[in-house]
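A.B. asks: I have a structure I would like to understand better, so I am pasting it below and will then ask my questions one at a time.
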Amino acid sequence: MLHSRVLRYIDEVARTGSIRAAGQKLNIAPSAINKHLLLLEEEIGEPLFERLPRGLRLTPAGEILVAHIRRTIREYSQVEAEIRDLKNLEAGELILATMNGLAGGIVPRTVASFCARHPRLKVSIRVMFAHDVVKSVEEGEADLGLAFNLPATPQLETLWKHDTRLGAVLSPAHPLVGAESLTLAHCAPYPLIFADRTMLIHDIVDRAFEDLDLGVEPSFRSNSIEAMKCLASAGDGIAFLSKFDIAEEERNGSLAYIPIRDPILSGNMISLVQREKKSRGLAAAMFAEDLVRMLKTTAASHATPH
């Protein structure tokens with residue numbers, strides 16, 4: 001085993017208060033246990049047990065050592081369990097509930113990378129609205145949920161969250177491409193692509209234009225992130241989405257993202273959640289780590305304009 005057997009000898013002597021009883025429990029000669037104990041006391045320079053007429057009692061130094069020994073044994077047992085789980089990470093299914101914009105970029109890239117390392121593990125991506133993501137995770141139908149603007153609920157534990165400011169999403173051939181940042185006033189003369197009233201980002205964008213007294217009427221409205229991205233890539237239209245929505249398109253050059261300087265396009269919160277107090281399997285925990293890493297990389301590339 002990774003850790004010396006002496007740790008178990010000392011732990012058992014502390015539990016039983018007797019070298020003889022510890023030897024019987026561990027099927028080890030008491031003389032061998034006593035030899036190891038004396039050598040350890042000599043090395044530490046302090047007695048670990050008081051020798052009493054009816055057994056042994058831990059000294060203060062012994063209590064410190066035994067506390068360390070028990071933490072070490074406990075942690076080692078956890079390591080052994082995780083290694084066993086890793087061996088079994090060749091079958092089973094992991095279910096992620098998410099939204100359509102995320103399902104078209106960050107999520108499949110993470111899934112592809114994860115499954116390349118664990119080819120026999122199945123990952124299901126289920127696309128739904130935010131309130132359905134919450135319900136799916138709460139009821140155990142999905143292991144993890146990744147979505148924007150999830151309603152607060154005590155049944156969910158948040159593993160990662162980030163305020164994803166909306167920016168201008170446009171074709172690489174758009175006249176405004178090349179600008180480091182834009183204002184909403186820069187965008188107003190062009191065909192505007194808004195989320196419809198069923199989506200929370202509609203309120204964020206609509207209120208932002210109103211607060212700046214920019215009387216605009218969008219040319220297009222949709223409740224589909226994919227439709228908004230297609231409309232933006234097809235002409236001079238400008239959609240207002242987060243970097244997370246267009247991570248894949250920005251990577252392959254089919255769409256550009258330009259930050260908006262106006263500070264009123266915040267409040268679009270992305271969250272990765274699981275059911276609270278639910279012990280995730282190793283597969284879900286490992287996938288969540290991969291996904292958070294990808295999300296953090298995308299968030300880091302989102303420079304806040306000044």
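Identifiers in this document derive from the order of the structure tokens: chains are assigned A, B, ..., residues are numbered from 1 separately in each chain, and ligands are numbered from 1 in order of occurrence.
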Using only C-alpha atoms, which residues sit within 12 Å of A:Val107 once same-chain residues fewer than 3 positions away are excluded, as a VMD selection string?

C.D. replies: chain A and resid 95 to 104 110 to 114 123 to 127 144 to 147 244 to 248 272 287 to 288 290 to 295 298

A.B. asks: Take the residues that were just selected and, keeping C-alpha atoms, output them as a PDB file, in the first residue's frame.

C.D. replies:
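result.pdb, written as the output of this step:
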```
ATOM      1  CA  ILE A  95     -26.933  14.002 -19.242  1.00  0.00           C
ATOM      2  CA  LEU A  96     -26.474  17.758 -19.640  1.00  0.00           C
ATOM      3  CA  ALA A  97     -29.457  20.107 -19.927  1.00  0.00           C
ATOM      4  CA  THR A  98     -28.628  23.358 -21.731  1.00  0.00           C
ATOM      5  CA  MET A  99     -29.894  26.081 -24.097  1.00  0.00           C
ATOM      6  CA  ASN A 100     -29.691  26.225 -27.874  1.00  0.00           C
ATOM      7  CA  GLY A 101     -26.948  28.863 -28.179  1.00  0.00           C
ATOM      8  CA  LEU A 102     -24.644  26.968 -25.833  1.00  0.00           C
ATOM      9  CA  ALA A 103     -25.500  23.639 -27.451  1.00  0.00           C
ATOM     10  CA  GLY A 104     -24.083  24.981 -30.712  1.00  0.00           C
ATOM     11  CA  THR A 110     -16.199  20.136 -24.466  1.00  0.00           C
ATOM     12  CA  VAL A 111     -18.185  16.938 -25.014  1.00  0.00           C
ATOM     13  CA  ALA A 112     -16.042  15.953 -28.023  1.00  0.00           C
ATOM     14  CA  SER A 113     -12.825  16.444 -26.060  1.00  0.00           C
ATOM     15  CA  PHE A 114     -14.194  14.589 -23.023  1.00  0.00           C
ATOM     16  CA  VAL A 123     -23.008  12.100 -23.118  1.00  0.00           C
ATOM     17  CA  SER A 124     -26.516  13.323 -23.914  1.00  0.00           C
ATOM     18  CA  ILE A 125     -27.121  17.025 -24.610  1.00  0.00           C
ATOM     19  CA  ARG A 126     -30.729  18.089 -24.086  1.00  0.00           C
ATOM     20  CA  VAL A 127     -31.745  21.557 -25.314  1.00  0.00           C
ATOM     21  CA  LEU A 144     -25.851  19.003 -14.871  1.00  0.00           C
ATOM     22  CA  GLY A 145     -27.532  22.151 -16.173  1.00  0.00           C
ATOM     23  CA  LEU A 146     -25.846  24.967 -18.124  1.00  0.00           C
ATOM     24  CA  ALA A 147     -27.970  27.968 -19.020  1.00  0.00           C
ATOM     25  CA  PHE A 244     -20.569  32.155 -24.967  1.00  0.00           C
ATOM     26  CA  ASP A 245     -23.345  32.105 -27.580  1.00  0.00           C
ATOM     27  CA  ILE A 246     -20.925  32.488 -30.487  1.00  0.00           C
ATOM     28  CA  ALA A 247     -17.753  30.853 -29.159  1.00  0.00           C
ATOM     29  CA  GLU A 248     -17.592  28.329 -32.009  1.00  0.00           C
ATOM     30  CA  LEU A 272     -23.524  25.601 -14.317  1.00  0.00           C
ATOM     31  CA  PHE A 287     -17.030  16.612 -17.126  1.00  0.00           C
ATOM     32  CA  ALA A 288     -18.053  19.588 -14.965  1.00  0.00           C
ATOM     33  CA  ASP A 290     -13.732  20.295 -18.193  1.00  0.00           C
ATOM     34  CA  LEU A 291     -16.746  22.486 -18.872  1.00  0.00           C
ATOM     35  CA  VAL A 292     -15.801  25.053 -16.217  1.00  0.00           C
ATOM     36  CA  ARG A 293     -12.294  25.202 -17.673  1.00  0.00           C
ATOM     37  CA  MET A 294     -13.722  25.929 -21.136  1.00  0.00           C
ATOM     38  CA  LEU A 295     -16.140  28.512 -19.733  1.00  0.00           C
ATOM     39  CA  THR A 298     -14.077  32.028 -22.887  1.00  0.00           C
TER      40      THR A 298
END
```

A.B. asks: Which residues are near A:Pro154? Cut-off 10 Å, only C-alpha atoms, ignore same chain within fewer than 3 positions. Put them as a VMD selection string.

C.D. replies: chain A and resid 138 157 275 to 276

A.B. asks: How would the residues just picked look written out with all heavy atoms as a PDB file, in the first residue's frame?

C.D. replies:
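out-v6.pdb written:
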```
ATOM      1  N   GLU A 138     -33.413  19.455 -11.082  1.00  0.00           N
ATOM      2  CA  GLU A 138     -34.062  19.236  -9.783  1.00  0.00           C
ATOM      3  C   GLU A 138     -34.620  17.825  -9.666  1.00  0.00           C
ATOM      4  O   GLU A 138     -34.531  17.181  -8.618  1.00  0.00           O
ATOM      5  CB  GLU A 138     -35.193  20.239  -9.579  1.00  0.00           C
ATOM      6  CG  GLU A 138     -34.747  21.623  -9.167  1.00  0.00           C
ATOM      7  CD  GLU A 138     -35.926  22.549  -8.945  1.00  0.00           C
ATOM      8  OE1 GLU A 138     -37.036  22.253  -9.456  1.00  0.00           O
ATOM      9  OE2 GLU A 138     -35.750  23.569  -8.273  1.00  0.00           O
ATOM     10  N   GLU A 157     -27.405  23.580  -6.686  1.00  0.00           N
ATOM     11  CA  GLU A 157     -26.091  24.056  -6.244  1.00  0.00           C
ATOM     12  C   GLU A 157     -25.365  24.617  -7.467  1.00  0.00           C
ATOM     13  O   GLU A 157     -25.276  23.965  -8.503  1.00  0.00           O
ATOM     14  CB  GLU A 157     -25.286  22.905  -5.648  1.00  0.00           C
ATOM     15  CG  GLU A 157     -23.860  23.292  -5.278  1.00  0.00           C
ATOM     16  CD  GLU A 157     -23.015  22.098  -4.887  1.00  0.00           C
ATOM     17  OE1 GLU A 157     -23.566  20.972  -4.824  1.00  0.00           O
ATOM     18  OE2 GLU A 157     -21.810  22.281  -4.657  1.00  0.00           O
ATOM     19  N   ARG A 275     -27.985  19.296  -8.855  1.00  0.00           N
ATOM     20  CA  ARG A 275     -28.933  19.210  -7.754  1.00  0.00           C
ATOM     21  C   ARG A 275     -28.175  19.296  -6.436  1.00  0.00           C
ATOM     22  O   ARG A 275     -27.165  18.610  -6.249  1.00  0.00           O
ATOM     23  CB  ARG A 275     -29.721  17.906  -7.828  1.00  0.00           C
ATOM     24  CG  ARG A 275     -30.915  17.852  -6.895  1.00  0.00           C
ATOM     25  CD  ARG A 275     -31.839  16.719  -7.242  1.00  0.00           C
ATOM     26  NE  ARG A 275     -31.133  15.497  -7.581  1.00  0.00           N
ATOM     27  CZ  ARG A 275     -31.710  14.303  -7.587  1.00  0.00           C
ATOM     28  NH1 ARG A 275     -32.972  14.173  -7.288  1.00  0.00           N
ATOM     29  NH2 ARG A 275     -31.032  13.235  -7.923  1.00  0.00           N
ATOM     30  N   GLU A 276     -28.628  20.155  -5.516  1.00  0.00           N
ATOM     31  CA  GLU A 276     -27.918  20.381  -4.268  1.00  0.00           C
ATOM     32  C   GLU A 276     -27.847  19.102  -3.441  1.00  0.00           C
ATOM     33  O   GLU A 276     -28.798  18.330  -3.368  1.00  0.00           O
ATOM     34  CB  GLU A 276     -28.605  21.475  -3.442  1.00  0.00           C
ATOM     35  CG  GLU A 276     -27.761  21.910  -2.265  1.00  0.00           C
ATOM     36  CD  GLU A 276     -28.445  22.984  -1.437  1.00  0.00           C
ATOM     37  OE1 GLU A 276     -29.673  22.948  -1.313  1.00  0.00           O
ATOM     38  OE2 GLU A 276     -27.726  23.835  -0.932  1.00  0.00           O
TER      39      GLU A 276
END
```

A.B. asks: Per DSSP on the backbone, filter stretch 192-277 of chain A down to the residues in strand (DSSP E) and report them as a PyMOL selection string.

C.D. replies: chain A and resi 192-195+220-222+238-241+256-259+269-275

A.B. asks: Could you save the residues just selected, with C-alpha atoms, as a CSV table (one decimal), in the first residue's frame?

C.D. replies:
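Dumped everything to result-v4.csv:
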```
chain,number,residue,atom,x,y,z
A,192,LEU,CA,-30.9,45.2,-35.6
A,193,ILE,CA,-31.6,41.7,-34.6
A,194,PHE,CA,-33.4,41.4,-31.2
A,195,ALA,CA,-34.4,38.4,-29.2
A,220,PHE,CA,-35.7,41.0,-37.0
A,221,ARG,CA,-36.9,39.3,-33.8
A,222,SER,CA,-36.5,35.7,-32.9
A,238,ILE,CA,-26.3,43.2,-35.7
A,239,ALA,CA,-27.4,40.8,-33.0
A,240,PHE,CA,-26.7,41.3,-29.3
A,241,LEU,CA,-25.4,38.1,-27.8
A,256,ALA,CA,-17.3,38.5,-35.0
A,257,TYR,CA,-17.9,39.8,-31.5
A,258,ILE,CA,-17.3,43.4,-30.5
A,259,PRO,CA,-17.7,44.5,-26.9
A,269,MET,CA,-25.8,35.4,-16.0
A,270,ILE,CA,-24.6,32.0,-17.1
A,271,SER,CA,-24.6,29.2,-14.5
A,272,LEU,CA,-23.5,25.6,-14.3
A,273,VAL,CA,-25.7,23.8,-11.7
A,274,GLN,CA,-26.3,20.4,-10.2
A,275,ARG,CA,-28.9,19.2,-7.8
```

A.B. asks: List the neighbours of A:Glu63 out to 9 Å using only C-alpha atoms; skip same-chain residues closer than 4 positions along the sequence, and give me the result as a ChimeraX atom specification.

C.D. replies: /A:14,48-49,58-59,67-68

A.B. asks: Create the file for the chosen residues now, containing N, CA and C atoms and written as an mmCIF file, in the first residue's frame.

C.D. replies:
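This went into again10.cif:
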```cif
data_model
loop_
_atom_site.group_PDB
_atom_site.id
_atom_site.type_symbol
_atom_site.label_atom_id
_atom_site.label_comp_id
_atom_site.auth_asym_id
_atom_site.auth_seq_id
_atom_site.Cartn_x
_atom_site.Cartn_y
_atom_site.Cartn_z
ATOM 1 N N ALA A 14 -4.098 2.851 19.390
ATOM 2 C CA ALA A 14 -4.844 3.962 19.994
ATOM 3 C C ALA A 14 -6.298 3.578 20.223
ATOM 4 N N LEU A 48 4.615 8.479 22.519
ATOM 5 C CA LEU A 48 3.292 8.601 21.907
ATOM 6 C C LEU A 48 2.204 8.050 22.814
ATOM 7 N N PHE A 49 2.584 7.149 23.708
ATOM 8 C CA PHE A 49 1.620 6.536 24.632
ATOM 9 C C PHE A 49 2.177 6.561 26.045
ATOM 10 N N LEU A 58 -2.899 7.660 24.912
ATOM 11 C CA LEU A 58 -2.184 8.611 24.066
ATOM 12 C C LEU A 58 -1.661 9.794 24.874
ATOM 13 N N THR A 59 -0.423 10.191 24.577
ATOM 14 C CA THR A 59 0.118 11.442 25.097
ATOM 15 C C THR A 59 -0.363 12.575 24.183
ATOM 16 N N ALA A 67 -4.310 11.860 15.004
ATOM 17 C CA ALA A 67 -5.227 12.668 14.188
ATOM 18 C C ALA A 67 -4.722 12.755 12.753
ATOM 19 N N HIS A 68 -3.406 12.951 12.599
ATOM 20 C CA HIS A 68 -2.805 12.986 11.263
ATOM 21 C C HIS A 68 -2.936 11.631 10.573
#
```

A.B. asks: With only C-alpha atoms as the basis for distance, which of A:Thr183, A:Asn27, A:Gln155, A:Thr297 is at the shortest distance from A:Ile260?

C.D. replies: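 Among A:Thr183, A:Asn27, A:Gln155, A:Thr297, it is A:Thr183 that comes nearest to A:Ile260.
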
A.B. asks: Restricting the calculation to only C-alpha atoms: of A:Val134, A:Phe148, A:Leu7, A:Ala22, which residue gets closest to A:His162?

C.D. replies: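 Selected residue with least distance to A:His162: A:Phe148.
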
A.B. asks: Atom CA of A:Leu255 and atom CA of A:Gly178 are how many Å apart?

C.D. replies: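 Atom CA of A:Gly178 lies at a distance of 12.4 Å from atom CA of A:Leu255.
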
A.B. asks: As a ChimeraX atom specification, list the residues of stretch 100-233 of chain A assigned to alpha helix (DSSP H) by DSSP on the backbone atoms of this structure.

C.D. replies: /A:100-103,106-117,130-138,184-187,200-211,225-233
